[in-house]
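Written out below as structure tokens is the structure these notes cover.
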Amino acid sequence: MANKWDERKKAKEDEYFVKQERELLAKLKVKQEGEAKVSAQKACYMKCPKCGEPLKERKFQKILIDQCTACNGIWLDAGEMEQVAGRDNESWLARFWMKNG
Ligand SMILES: [Zn+2]
């Protein structure tokens, strides 16, 4: 009698865990699909304005910049130029900026 009850209880527990696991997996799948979509969208609009090749993010002085994989042109988002130049007034970039700007 007791064994039967235990078995039933065990079966119920298994059922519960299977259900939980399934829900977790479903959530994970949705999350992964969402992330893949976001990165695909990003990859799609991150194109070199000059030659149309995809841009690749790279770090320059702790700032993320986008560099073309083909012509090595660098694309800066709004404010990133100031961030790069403003980091050090004596930097080549700041001097270049003041001379030409
Ligand atoms: Zn390019």
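In the structure tokens, the first chain shown is A, the next is B, and so on; residue numbers restart at 1 for each chain, and ligands run from 1 in the order shown.
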Mind listing the residues within 6 Å of ligand 1, only C-alpha atoms and all ligand atoms counted, as number ranges by chain? A: 48, 50-51, 53, 68, 70-71, 73
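The interatomic distance for the pair atom CA of A:Met46 and atom CA of A:Gln83 works out to 20.5 Å.
Every residue of chain A found in strand (DSSP E or B) when DSSP is run on the backbone appears here: A:Lys47, A:Pro54, A:Leu55, A:Lys56, A:Glu57, A:Arg58, A:Lys59, A:Phe60, A:Ile63, A:Leu64, A:Ile65, A:Asp66, A:Gln67, A:Cys68, A:Ile74, A:Trp75.
The coordinates place atom CA of A:Ala36 at 21.3 Å from atom CA of A:Thr69.
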Grab the atom CA of A:Ile63 to atom CA of A:Met81 distance for me, in Å with one decimal place. 9.7 Å
Write out as a VMD selection string the residues lying within 8 Å of A:Ile65, counting only C-alpha atoms and excluding same-chain residues fewer than 6 positions away. chain A and resid 57 to 59 74 to 77 80
I need the chosen residues saved as a PDB file, in the first residue's frame, with C-alpha atoms.
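Dumped to out-v4.pdb:
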```pdb
ATOM      1  CA  GLU A  57      33.021  46.336 -33.427  1.00  0.00           C
ATOM      2  CA  ARG A  58      36.417  46.866 -31.869  1.00  0.00           C
ATOM      3  CA  LYS A  59      37.644  48.572 -28.766  1.00  0.00           C
ATOM      4  CA  ILE A  74      36.160  53.755 -38.743  1.00  0.00           C
ATOM      5  CA  TRP A  75      32.617  54.717 -37.934  1.00  0.00           C
ATOM      6  CA  LEU A  76      31.934  56.570 -34.708  1.00  0.00           C
ATOM      7  CA  ASP A  77      28.530  56.910 -33.102  1.00  0.00           C
ATOM      8  CA  GLU A  80      32.193  58.756 -29.499  1.00  0.00           C
TER       9      GLU A  80
END
```
Please, which residues of stretch 15-55 of chain A, numbered as in this document, come out alpha helix (DSSP H) from DSSP, as a PyMOL selection string? chain A and resi 15-45
